[in-house]
Structures are given as structure tokens and as C-alpha cells.
>>> print(open('final-v3.txt').read())   # compact mmCIF, N, CA and C atoms
# COMPACT_ATOMS: atom_id res chain seq x y z
N VAL U 26 -50.39 -40.49 36.25
CA VAL U 26 -51.35 -41.44 36.77
C VAL U 26 -52.09 -40.79 37.94
N CYS U 27 -53.39 -40.90 37.92
CA CYS U 27 -54.27 -40.44 39.00
C CYS U 27 -53.99 -38.99 39.41
N ASN U 28 -53.41 -38.77 40.58
CA ASN U 28 -53.14 -37.39 41.02
C ASN U 28 -52.17 -36.68 40.09
N GLY U 29 -51.27 -37.43 39.48
CA GLY U 29 -50.37 -36.85 38.49
C GLY U 29 -51.13 -36.32 37.29
N PHE U 30 -52.19 -37.02 36.89
CA PHE U 30 -53.06 -36.57 35.80
C PHE U 30 -53.70 -35.23 36.19
N GLN U 31 -54.18 -35.16 37.42
CA GLN U 31 -54.78 -33.91 37.91
C GLN U 31 -53.78 -32.76 37.83
N ILE U 32 -52.54 -33.02 38.23
CA ILE U 32 -51.50 -31.98 38.20
C ILE U 32 -51.21 -31.56 36.76
N LEU U 33 -51.13 -32.52 35.85
CA LEU U 33 -50.89 -32.20 34.43
C LEU U 33 -52.01 -31.31 33.89
N LEU U 34 -53.24 -31.58 34.29
CA LEU U 34 -54.38 -30.76 33.87
C LEU U 34 -54.29 -29.35 34.48
N GLU U 35 -54.04 -29.30 35.77
CA GLU U 35 -53.96 -28.00 36.45
C GLU U 35 -52.79 -27.15 35.96
N ALA U 36 -51.71 -27.80 35.55
CA ALA U 36 -50.54 -27.09 35.03
C ALA U 36 -50.71 -26.69 33.56
N GLY U 37 -51.77 -27.16 32.93
CA GLY U 37 -52.02 -26.82 31.54
C GLY U 37 -51.21 -27.67 30.55
N LEU U 38 -50.58 -28.74 31.03
CA LEU U 38 -49.83 -29.61 30.12
C LEU U 38 -50.75 -30.54 29.34
N LEU U 39 -51.94 -30.76 29.86
CA LEU U 39 -53.00 -31.48 29.17
C LEU U 39 -54.28 -30.68 29.32
N PRO U 40 -55.18 -30.77 28.33
CA PRO U 40 -56.42 -29.98 28.39
C PRO U 40 -57.48 -30.65 29.26
N GLY U 41 -58.31 -29.83 29.88
CA GLY U 41 -59.43 -30.33 30.65
C GLY U 41 -59.26 -30.14 32.15
N ALA U 42 -60.13 -30.81 32.91
CA ALA U 42 -60.12 -30.69 34.37
C ALA U 42 -60.72 -31.95 34.97
N MET U 43 -60.45 -32.15 36.25
CA MET U 43 -61.04 -33.26 36.99
C MET U 43 -62.10 -32.72 37.94
N ARG U 44 -63.19 -33.46 38.01
CA ARG U 44 -64.26 -33.13 38.95
C ARG U 44 -64.49 -34.33 39.86
N ARG U 45 -65.24 -34.09 40.92
CA ARG U 45 -65.61 -35.18 41.83
C ARG U 45 -66.31 -36.28 41.03
N ASN U 46 -66.14 -37.51 41.47
CA ASN U 46 -66.85 -38.62 40.85
C ASN U 46 -68.34 -38.33 40.86
N GLU U 47 -69.02 -38.76 39.84
CA GLU U 47 -70.45 -38.53 39.72
C GLU U 47 -71.20 -39.04 40.95
N SER U 48 -70.75 -40.14 41.53
CA SER U 48 -71.39 -40.73 42.71
C SER U 48 -71.05 -39.98 43.99
N LEU U 49 -70.06 -39.08 43.92
CA LEU U 49 -69.52 -38.37 45.07
C LEU U 49 -68.88 -39.31 46.08
N SER U 50 -68.54 -40.51 45.63
CA SER U 50 -67.89 -41.51 46.49
C SER U 50 -66.52 -41.87 45.93
N PHE U 51 -65.63 -42.30 46.81
CA PHE U 51 -64.33 -42.81 46.41
C PHE U 51 -64.54 -44.16 45.75
N ILE U 52 -63.86 -44.38 44.63
CA ILE U 52 -63.98 -45.63 43.89
C ILE U 52 -62.63 -46.32 43.89
N CYS U 53 -62.61 -47.59 44.27
CA CYS U 53 -61.38 -48.39 44.27
C CYS U 53 -61.75 -49.79 43.81
N LYS U 54 -61.47 -50.07 42.54
CA LYS U 54 -61.80 -51.38 41.98
C LYS U 54 -61.16 -51.54 40.61
N PRO U 55 -61.05 -52.77 40.13
CA PRO U 55 -60.56 -52.98 38.77
C PRO U 55 -61.65 -52.55 37.77
N VAL U 56 -61.22 -51.93 36.69
CA VAL U 56 -62.15 -51.53 35.63
C VAL U 56 -61.60 -51.96 34.28
N GLU U 57 -62.49 -52.13 33.34
CA GLU U 57 -62.08 -52.48 31.99
C GLU U 57 -61.94 -51.20 31.16
N LEU U 58 -60.81 -51.13 30.45
CA LEU U 58 -60.54 -50.01 29.56
C LEU U 58 -60.44 -50.52 28.13
N LYS U 59 -60.76 -49.66 27.20
CA LYS U 59 -60.56 -49.96 25.78
C LYS U 59 -59.39 -49.12 25.29
N VAL U 60 -58.46 -49.73 24.57
CA VAL U 60 -57.33 -49.02 23.98
C VAL U 60 -57.84 -48.33 22.72
N GLU U 61 -57.88 -47.01 22.75
CA GLU U 61 -58.39 -46.22 21.63
C GLU U 61 -57.29 -45.78 20.67
N ASN U 62 -56.05 -45.73 21.15
CA ASN U 62 -54.92 -45.31 20.34
C ASN U 62 -53.73 -46.17 20.75
N ASN U 63 -53.25 -47.00 19.84
CA ASN U 63 -52.09 -47.84 20.16
C ASN U 63 -50.86 -47.37 19.39
N GLU U 64 -50.87 -46.13 18.96
CA GLU U 64 -49.75 -45.58 18.21
C GLU U 64 -48.96 -44.56 19.01
N SER U 65 -49.12 -44.55 20.31
CA SER U 65 -48.36 -43.63 21.15
C SER U 65 -47.21 -44.37 21.80
N MET U 66 -46.27 -43.61 22.34
CA MET U 66 -45.13 -44.23 23.03
C MET U 66 -45.56 -44.99 24.29
N PHE U 67 -46.79 -44.74 24.74
CA PHE U 67 -47.30 -45.38 25.96
C PHE U 67 -48.15 -46.61 25.67
N THR U 68 -48.60 -46.75 24.42
CA THR U 68 -49.58 -47.79 24.10
C THR U 68 -49.18 -48.69 22.93
N GLY U 69 -47.96 -48.57 22.45
CA GLY U 69 -47.53 -49.31 21.27
C GLY U 69 -47.58 -50.82 21.39
N GLU U 70 -47.51 -51.35 22.59
CA GLU U 70 -47.53 -52.80 22.79
C GLU U 70 -48.95 -53.36 22.95
N TYR U 71 -49.96 -52.48 22.96
CA TYR U 71 -51.35 -52.92 23.00
C TYR U 71 -51.88 -53.04 21.58
N SER U 72 -52.98 -53.74 21.42
CA SER U 72 -53.69 -53.80 20.15
C SER U 72 -54.80 -52.75 20.16
N LEU U 73 -55.05 -52.15 19.02
CA LEU U 73 -56.14 -51.19 18.91
C LEU U 73 -57.46 -51.89 19.24
N GLY U 74 -58.22 -51.29 20.14
CA GLY U 74 -59.50 -51.86 20.54
C GLY U 74 -59.40 -52.91 21.64
N GLN U 75 -58.19 -53.23 22.07
CA GLN U 75 -57.99 -54.24 23.11
C GLN U 75 -58.66 -53.80 24.41
N THR U 76 -59.25 -54.75 25.12
CA THR U 76 -59.82 -54.49 26.43
C THR U 76 -58.81 -54.94 27.47
N ILE U 77 -58.50 -54.04 28.40
CA ILE U 77 -57.54 -54.33 29.47
C ILE U 77 -58.20 -54.04 30.81
N THR U 78 -57.69 -54.67 31.85
CA THR U 78 -58.22 -54.46 33.21
C THR U 78 -57.14 -53.77 34.04
N ILE U 79 -57.49 -52.57 34.52
CA ILE U 79 -56.58 -51.74 35.31
C ILE U 79 -57.39 -51.20 36.50
N PRO U 80 -56.83 -51.19 37.71
CA PRO U 80 -57.59 -50.66 38.84
C PRO U 80 -57.65 -49.13 38.86
N VAL U 81 -58.74 -48.62 39.43
CA VAL U 81 -58.87 -47.19 39.73
C VAL U 81 -58.93 -47.03 41.24
N ALA U 82 -58.54 -45.86 41.70
CA ALA U 82 -58.63 -45.52 43.12
C ALA U 82 -58.64 -44.00 43.21
N HIS U 83 -59.86 -43.41 43.18
CA HIS U 83 -59.94 -41.96 43.19
C HIS U 83 -61.32 -41.46 43.64
N GLY U 84 -61.32 -40.25 44.10
CA GLY U 84 -62.55 -39.56 44.46
C GLY U 84 -62.86 -38.44 43.47
N GLU U 85 -61.83 -38.01 42.76
CA GLU U 85 -61.98 -36.94 41.75
C GLU U 85 -61.42 -37.44 40.43
N GLY U 86 -62.13 -38.35 39.79
CA GLY U 86 -61.66 -38.94 38.54
C GLY U 86 -62.56 -38.68 37.36
N ASN U 87 -63.47 -37.73 37.51
CA ASN U 87 -64.47 -37.40 36.50
C ASN U 87 -63.87 -36.38 35.53
N TYR U 88 -63.30 -36.88 34.41
CA TYR U 88 -62.65 -35.99 33.43
C TYR U 88 -63.69 -35.14 32.72
N TYR U 89 -63.35 -33.86 32.57
CA TYR U 89 -64.24 -32.93 31.88
C TYR U 89 -63.44 -31.97 31.01
N CYS U 90 -63.99 -31.64 29.85
CA CYS U 90 -63.47 -30.56 29.01
C CYS U 90 -64.64 -30.00 28.22
N ASP U 91 -64.43 -28.83 27.60
CA ASP U 91 -65.51 -28.25 26.80
C ASP U 91 -65.63 -29.00 25.47
N GLU U 92 -66.69 -28.74 24.75
CA GLU U 92 -66.98 -29.46 23.50
C GLU U 92 -65.90 -29.25 22.46
N GLU U 93 -65.37 -28.04 22.36
CA GLU U 93 -64.31 -27.74 21.39
C GLU U 93 -63.05 -28.57 21.69
N THR U 94 -62.69 -28.64 22.95
CA THR U 94 -61.52 -29.43 23.35
C THR U 94 -61.75 -30.91 23.07
N LEU U 95 -62.95 -31.40 23.36
CA LEU U 95 -63.27 -32.81 23.09
C LEU U 95 -63.12 -33.11 21.60
N GLU U 96 -63.59 -32.22 20.76
CA GLU U 96 -63.47 -32.43 19.31
C GLU U 96 -62.00 -32.42 18.88
N GLN U 97 -61.19 -31.57 19.51
CA GLN U 97 -59.75 -31.56 19.20
C GLN U 97 -59.09 -32.85 19.65
N LEU U 98 -59.45 -33.33 20.84
CA LEU U 98 -58.89 -34.60 21.33
C LEU U 98 -59.21 -35.74 20.36
N LYS U 99 -60.44 -35.77 19.88
CA LYS U 99 -60.85 -36.81 18.93
C LYS U 99 -60.10 -36.65 17.60
N ALA U 100 -60.07 -35.44 17.08
CA ALA U 100 -59.44 -35.19 15.77
C ALA U 100 -57.96 -35.50 15.78
N ASN U 101 -57.28 -35.27 16.90
CA ASN U 101 -55.85 -35.49 17.01
C ASN U 101 -55.49 -36.87 17.55
N ASN U 102 -56.49 -37.73 17.73
CA ASN U 102 -56.28 -39.08 18.26
C ASN U 102 -55.57 -39.07 19.62
N GLN U 103 -55.97 -38.11 20.47
CA GLN U 103 -55.34 -37.95 21.77
C GLN U 103 -56.01 -38.75 22.88
N ILE U 104 -57.16 -39.32 22.62
CA ILE U 104 -57.82 -40.16 23.61
C ILE U 104 -57.21 -41.55 23.48
N VAL U 105 -56.50 -42.00 24.50
CA VAL U 105 -55.81 -43.29 24.41
C VAL U 105 -56.55 -44.43 25.11
N PHE U 106 -57.29 -44.11 26.17
CA PHE U 106 -58.06 -45.12 26.89
C PHE U 106 -59.46 -44.58 27.20
N THR U 107 -60.46 -45.45 27.07
CA THR U 107 -61.81 -45.12 27.52
C THR U 107 -62.29 -46.24 28.44
N TYR U 108 -63.21 -45.88 29.32
CA TYR U 108 -63.82 -46.86 30.22
C TYR U 108 -64.87 -47.66 29.45
N GLN U 109 -64.92 -48.96 29.68
CA GLN U 109 -65.97 -49.79 29.10
C GLN U 109 -67.29 -49.54 29.85
N GLN U 110 -67.19 -49.42 31.18
CA GLN U 110 -68.34 -49.05 32.01
C GLN U 110 -67.85 -47.93 32.91
N ASN U 111 -68.15 -46.73 32.52
CA ASN U 111 -67.63 -45.51 33.15
C ASN U 111 -67.95 -45.47 34.66
N PRO U 112 -66.94 -45.57 35.52
CA PRO U 112 -67.20 -45.62 36.96
C PRO U 112 -67.38 -44.25 37.61
N ASN U 113 -66.98 -43.17 36.93
CA ASN U 113 -66.91 -41.88 37.60
C ASN U 113 -67.63 -40.74 36.90
N GLY U 114 -68.20 -41.00 35.72
CA GLY U 114 -68.92 -39.96 34.99
C GLY U 114 -68.08 -39.18 34.00
N SER U 115 -66.86 -39.64 33.71
CA SER U 115 -65.98 -38.92 32.79
C SER U 115 -66.64 -38.69 31.44
N LEU U 116 -66.45 -37.50 30.93
CA LEU U 116 -66.96 -37.12 29.62
C LEU U 116 -66.46 -38.09 28.57
N ALA U 117 -67.34 -38.57 27.71
CA ALA U 117 -67.01 -39.47 26.61
C ALA U 117 -66.27 -40.73 27.11
N ASP U 118 -66.48 -41.10 28.36
CA ASP U 118 -65.87 -42.29 28.96
C ASP U 118 -64.34 -42.22 29.00
N ILE U 119 -63.77 -41.03 28.96
CA ILE U 119 -62.32 -40.85 28.87
C ILE U 119 -61.63 -41.29 30.16
N ALA U 120 -60.64 -42.19 29.99
CA ALA U 120 -59.82 -42.67 31.11
C ALA U 120 -58.39 -42.17 30.99
N GLY U 121 -57.95 -41.84 29.75
CA GLY U 121 -56.58 -41.37 29.56
C GLY U 121 -56.41 -40.64 28.24
N ILE U 122 -55.60 -39.57 28.27
CA ILE U 122 -55.32 -38.77 27.08
C ILE U 122 -53.82 -38.47 27.00
N ILE U 123 -53.39 -38.08 25.80
CA ILE U 123 -52.03 -37.61 25.59
C ILE U 123 -52.08 -36.19 25.05
N ASN U 124 -50.95 -35.49 25.15
CA ASN U 124 -50.88 -34.16 24.55
C ASN U 124 -50.74 -34.31 23.03
N GLU U 125 -50.78 -33.19 22.31
CA GLU U 125 -50.72 -33.25 20.84
C GLU U 125 -49.42 -33.86 20.35
N LYS U 126 -48.31 -33.60 21.02
CA LYS U 126 -47.02 -34.15 20.62
C LYS U 126 -46.92 -35.65 20.93
N GLY U 127 -47.74 -36.13 21.86
CA GLY U 127 -47.75 -37.55 22.20
C GLY U 127 -46.74 -37.98 23.23
N ASN U 128 -46.10 -37.01 23.89
CA ASN U 128 -45.07 -37.36 24.87
C ASN U 128 -45.49 -37.13 26.32
N VAL U 129 -46.74 -36.78 26.55
CA VAL U 129 -47.28 -36.62 27.91
C VAL U 129 -48.60 -37.39 27.96
N LEU U 130 -48.69 -38.28 28.93
CA LEU U 130 -49.90 -39.09 29.14
C LEU U 130 -50.47 -38.78 30.50
N GLY U 131 -51.77 -38.64 30.55
CA GLY U 131 -52.48 -38.55 31.82
C GLY U 131 -53.59 -39.57 31.82
N MET U 132 -53.70 -40.34 32.91
CA MET U 132 -54.79 -41.30 33.04
C MET U 132 -55.14 -41.49 34.51
N MET U 133 -56.41 -41.74 34.78
CA MET U 133 -56.84 -41.96 36.15
C MET U 133 -56.56 -43.38 36.64
N PRO U 134 -56.78 -44.43 35.84
CA PRO U 134 -56.46 -45.77 36.32
C PRO U 134 -54.96 -45.92 36.61
N HIS U 135 -54.64 -46.92 37.40
CA HIS U 135 -53.28 -47.15 37.89
C HIS U 135 -52.63 -48.34 37.20
N PRO U 136 -51.93 -48.16 36.08
CA PRO U 136 -51.28 -49.30 35.42
C PRO U 136 -50.18 -49.93 36.27
N GLU U 137 -49.58 -49.14 37.15
CA GLU U 137 -48.50 -49.68 38.01
C GLU U 137 -49.04 -50.68 39.03
N ARG U 138 -50.35 -50.70 39.21
CA ARG U 138 -50.97 -51.67 40.12
C ARG U 138 -51.47 -52.90 39.37
N ALA U 139 -51.10 -53.01 38.09
CA ALA U 139 -51.54 -54.13 37.26
C ALA U 139 -50.37 -54.64 36.42
N VAL U 140 -49.30 -55.04 37.10
CA VAL U 140 -48.11 -55.49 36.38
C VAL U 140 -47.78 -56.96 36.63
N ASP U 141 -48.64 -57.65 37.36
CA ASP U 141 -48.43 -59.07 37.62
C ASP U 141 -49.78 -59.69 37.93
N SER U 142 -49.99 -60.91 37.49
CA SER U 142 -51.28 -61.58 37.72
C SER U 142 -51.58 -61.73 39.21
N LEU U 143 -50.54 -61.76 40.07
CA LEU U 143 -50.75 -61.81 41.51
C LEU U 143 -51.50 -60.57 42.01
N LEU U 144 -51.41 -59.48 41.26
CA LEU U 144 -52.10 -58.24 41.62
C LEU U 144 -53.51 -58.20 41.06
N GLY U 145 -53.90 -59.22 40.31
CA GLY U 145 -55.23 -59.26 39.72
C GLY U 145 -55.22 -59.04 38.22
N SER U 146 -54.15 -58.45 37.70
CA SER U 146 -54.01 -58.20 36.27
C SER U 146 -52.56 -57.83 35.97
N ALA U 147 -52.11 -58.24 34.80
CA ALA U 147 -50.79 -57.83 34.32
C ALA U 147 -50.93 -56.90 33.12
N ASP U 148 -52.14 -56.38 32.90
CA ASP U 148 -52.42 -55.55 31.72
C ASP U 148 -51.68 -54.21 31.73
N GLY U 149 -51.26 -53.74 32.87
CA GLY U 149 -50.52 -52.48 32.92
C GLY U 149 -49.08 -52.63 32.47
N LEU U 150 -48.57 -53.84 32.50
CA LEU U 150 -47.18 -54.10 32.14
C LEU U 150 -46.86 -53.65 30.72
N LYS U 151 -47.81 -53.84 29.80
CA LYS U 151 -47.57 -53.45 28.41
C LYS U 151 -47.34 -51.94 28.26
N MET U 152 -47.88 -51.15 29.16
CA MET U 152 -47.63 -49.71 29.08
C MET U 152 -46.15 -49.43 29.33
N PHE U 153 -45.60 -50.07 30.34
CA PHE U 153 -44.19 -49.85 30.67
C PHE U 153 -43.28 -50.46 29.60
N GLN U 154 -43.70 -51.58 29.03
CA GLN U 154 -42.94 -52.17 27.93
C GLN U 154 -42.99 -51.26 26.70
N SER U 155 -44.12 -50.61 26.47
CA SER U 155 -44.24 -49.66 25.36
C SER U 155 -43.29 -48.49 25.53
N ILE U 156 -43.21 -47.98 26.74
CA ILE U 156 -42.34 -46.84 27.03
C ILE U 156 -40.87 -47.23 26.81
N VAL U 157 -40.48 -48.38 27.32
CA VAL U 157 -39.09 -48.84 27.17
C VAL U 157 -38.77 -49.05 25.69
N LYS U 158 -39.67 -49.68 24.96
CA LYS U 158 -39.45 -49.92 23.53
C LYS U 158 -39.31 -48.59 22.77
N ALA U 159 -40.19 -47.64 23.05
CA ALA U 159 -40.13 -46.34 22.38
C ALA U 159 -38.82 -45.62 22.72
N TRP U 160 -38.39 -45.71 23.98
CA TRP U 160 -37.13 -45.07 24.37
C TRP U 160 -35.96 -45.71 23.65
N ARG U 161 -35.94 -47.04 23.60
CA ARG U 161 -34.85 -47.75 22.91
C ARG U 161 -34.81 -47.39 21.45
N GLU U 162 -35.97 -47.33 20.80
CA GLU U 162 -36.00 -46.99 19.37
C GLU U 162 -35.53 -45.57 19.13
N ALA U 163 -35.79 -44.68 20.07
CA ALA U 163 -35.38 -43.28 19.92
C ALA U 163 -33.89 -43.09 20.21
N HIS U 164 -33.29 -44.05 20.91
CA HIS U 164 -31.90 -43.90 21.33
C HIS U 164 -30.97 -44.95 20.71
N VAL U 165 -31.40 -45.55 19.64
CA VAL U 165 -30.55 -46.52 18.96
C VAL U 165 -29.39 -45.78 18.30
N VAL U 166 -28.20 -46.28 18.54
CA VAL U 166 -27.01 -45.70 17.90
C VAL U 166 -26.87 -46.35 16.53
N LYS U 167 -26.90 -45.53 15.51
CA LYS U 167 -26.78 -46.05 14.15
C LYS U 167 -25.32 -46.01 13.71
N ALA U 168 -24.86 -47.15 13.21
CA ALA U 168 -23.46 -47.26 12.77
C ALA U 168 -23.26 -46.68 11.39
>>> encode(input="final-v3.txt", output="C-alpha cells")
Amino acid sequence: VCNGFQILLEAGLLPGAMRRNESLSFICKPVELKVENNESMFTGEYSLGQTITIPVAHGEGNYYCDEETLEQLKANNQIVFTYQQNPNGSLADIAGIINEKGNVLGMMPHPERAVDSLLGSADGLKMFQSIVKAWREAHVVKA
């Protein structure tokens, strides 16, 4: 999430890079995301195409990759979230991606800040529920 996404990119665990926001200003506000892939361990509890509200808080959230990488991300269904109204200039409105294996997620919005309606949205909660469900399914002891 956020700076963690930047680290994953810099470490080469996910493709691409982060650049300064197009506005060159820090952005801190709730944004609407579209769920582009609900078949990952991080998004299984969402519906495909669902619109969710998750806050962003970043100055360097402008995702960038070359055209070849973008085509690979699309072909492999690695784009999991896109911005409905891109706040930072991210290429192809990308807000979150996974690696090819599907076990590493990077996203700029903060789902941990959207786990209860008192925080303005509980839409991030389904991400954590997805992770727990995927872990349980992977660790079920079969008799």
C-alpha cells in the first residue's frame, strides 16, 4: 500500500515506477476505484466492475510503465484496480496491480483507512476478508 507499492516497484517485485503526481501536489482524499480483477487472493470478495471508495494520500502516486509492460499487465489480468477519476495521472488509470503469480499486490490507495463506515467507507474491509478467505482455503486440512 502506498509507499509499500513504491518499494515493491523499486525492488523489481512488481513492474513499473512511481512518479510525482501530475499536479505536483500532495493528494489526500477519498477516490472511487473500479475492481478490474476479482479473481485474486486480494479481491475475491469484490464483484467484477464494482465501484469502491478508498482514500489516497500521496505525492508520488503517478504509476508509469512502458507500453510493452502495460500490454503484459492487461494480457495477464494483473491490473486489479483503476481510478474512476484519475487523481494523479497514473497510466491507464492504474491504482493497483498484482504480480504474474498473483501473490503480490501493490496499490496507492489505502484500504486500511476504509474498514469502517465511521472512517467514511468500509470498502477496504473486503480486501482483508479476501486475504483471510484465500489463506483459509489454502490451509484447509483435508481428512
>>> select_by_dssp(input="final-v3.txt", residues="chain U", states="strand (DSSP E or B)", output="MDAnalysis selection string")
chainID U and resid 42:44 52:60 76:83 87:89 104:108 119:123 130:132 141 146
>>> select_by_dssp(input="final-v3.txt", residues="chain U", states="helix (DSSP H, G or I)", output="PyMOL selection string")
chain U and resi 28-35+92-100+116-118+136-138+142-144+150-163
>>> closest_residue(input="final-v3.txt", among="U:Ala163, U:Ser155, U:Leu116, U:Phe30", to="Glu92 in chain U", atoms="only C-alpha atoms")
U:Leu116
>>> residues_near_point(input="final-v3.txt", point="(-49.6, -52.2, 27.8)", cutoff="8 Å", atoms="only N, CA and C atoms", output="PDB file with N, CA and C atoms, keeping the file's coordinate frame")
ATOM      1  N   PHE U  67     -46.790 -44.740  24.740  1.00  0.00           N
ATOM      2  CA  PHE U  67     -47.300 -45.380  25.960  1.00  0.00           C
ATOM      3  C   PHE U  67     -48.150 -46.610  25.670  1.00  0.00           C
ATOM      4  N   THR U  68     -48.600 -46.750  24.420  1.00  0.00           N
ATOM      5  CA  THR U  68     -49.580 -47.790  24.100  1.00  0.00           C
ATOM      6  C   THR U  68     -49.180 -48.690  22.930  1.00  0.00           C
ATOM      7  N   GLY U  69     -47.960 -48.570  22.450  1.00  0.00           N
ATOM      8  CA  GLY U  69     -47.530 -49.310  21.270  1.00  0.00           C
ATOM      9  C   GLY U  69     -47.580 -50.820  21.390  1.00  0.00           C
ATOM     10  N   GLU U  70     -47.510 -51.350  22.590  1.00  0.00           N
ATOM     11  CA  GLU U  70     -47.530 -52.800  22.790  1.00  0.00           C
ATOM     12  C   GLU U  70     -48.950 -53.360  22.950  1.00  0.00           C
ATOM     13  N   TYR U  71     -49.960 -52.480  22.960  1.00  0.00           N
ATOM     14  CA  TYR U  71     -51.350 -52.920  23.000  1.00  0.00           C
ATOM     15  C   TYR U  71     -51.880 -53.040  21.580  1.00  0.00           C
ATOM     16  N   SER U  72     -52.980 -53.740  21.420  1.00  0.00           N
ATOM     17  CA  SER U  72     -53.690 -53.800  20.150  1.00  0.00           C
ATOM     18  C   SER U  72     -54.800 -52.750  20.160  1.00  0.00           C
ATOM     19  N   ALA U 147     -52.110 -58.240  34.800  1.00  0.00           N
ATOM     20  CA  ALA U 147     -50.790 -57.830  34.320  1.00  0.00           C
ATOM     21  C   ALA U 147     -50.930 -56.900  33.120  1.00  0.00           C
ATOM     22  N   ASP U 148     -52.140 -56.380  32.900  1.00  0.00           N
ATOM     23  CA  ASP U 148     -52.420 -55.550  31.720  1.00  0.00           C
ATOM     24  C   ASP U 148     -51.680 -54.210  31.730  1.00  0.00           C
ATOM     25  N   GLY U 149     -51.260 -53.740  32.870  1.00  0.00           N
ATOM     26  CA  GLY U 149     -50.520 -52.480  32.920  1.00  0.00           C
ATOM     27  C   GLY U 149     -49.080 -52.630  32.470  1.00  0.00           C
ATOM     28  N   LEU U 150     -48.570 -53.840  32.500  1.00  0.00           N
ATOM     29  CA  LEU U 150     -47.180 -54.100  32.140  1.00  0.00           C
ATOM     30  C   LEU U 150     -46.860 -53.650  30.720  1.00  0.00           C
ATOM     31  N   LYS U 151     -47.810 -53.840  29.800  1.00  0.00           N
ATOM     32  CA  LYS U 151     -47.570 -53.450  28.410  1.00  0.00           C
ATOM     33  C   LYS U 151     -47.340 -51.940  28.260  1.00  0.00           C
ATOM     34  N   MET U 152     -47.880 -51.150  29.160  1.00  0.00           N
ATOM     35  CA  MET U 152     -47.630 -49.710  29.080  1.00  0.00           C
ATOM     36  C   MET U 152     -46.150 -49.430  29.330  1.00  0.00           C
ATOM     37  N   PHE U 153     -45.600 -50.070  30.340  1.00  0.00           N
ATOM     38  CA  PHE U 153     -44.190 -49.850  30.670  1.00  0.00           C
ATOM     39  C   PHE U 153     -43.280 -50.460  29.600  1.00  0.00           C
ATOM     40  N   GLN U 154     -43.700 -51.580  29.030  1.00  0.00           N
ATOM     41  CA  GLN U 154     -42.940 -52.170  27.930  1.00  0.00           C
ATOM     42  C   GLN U 154     -42.990 -51.260  26.700  1.00  0.00           C
ATOM     43  N   SER U 155     -44.120 -50.610  26.470  1.00  0.00           N
ATOM     44  CA  SER U 155     -44.240 -49.660  25.360  1.00  0.00           C
ATOM     45  C   SER U 155     -43.290 -48.490  25.530  1.00  0.00           C
ATOM     46  N   ILE U 156     -43.210 -47.980  26.740  1.00  0.00           N
ATOM     47  CA  ILE U 156     -42.340 -46.840  27.030  1.00  0.00           C
ATOM     48  C   ILE U 156     -40.870 -47.230  26.810  1.00  0.00           C
TER      49      ILE U 156
END
>>> residues_around(input="final-v3.txt", residues="Leu34 in chain U", least_positions_apart="2", cutoff="12 Å", atoms="only C-alpha atoms", output="JSON, numbers by chain")
{"U": [26, 27, 28, 29, 30, 31, 32, 36, 37, 38, 39, 40, 41, 42, 43, 44, 86, 88, 89, 90, 121, 122, 123, 124, 129, 130, 131, 132, 133]}
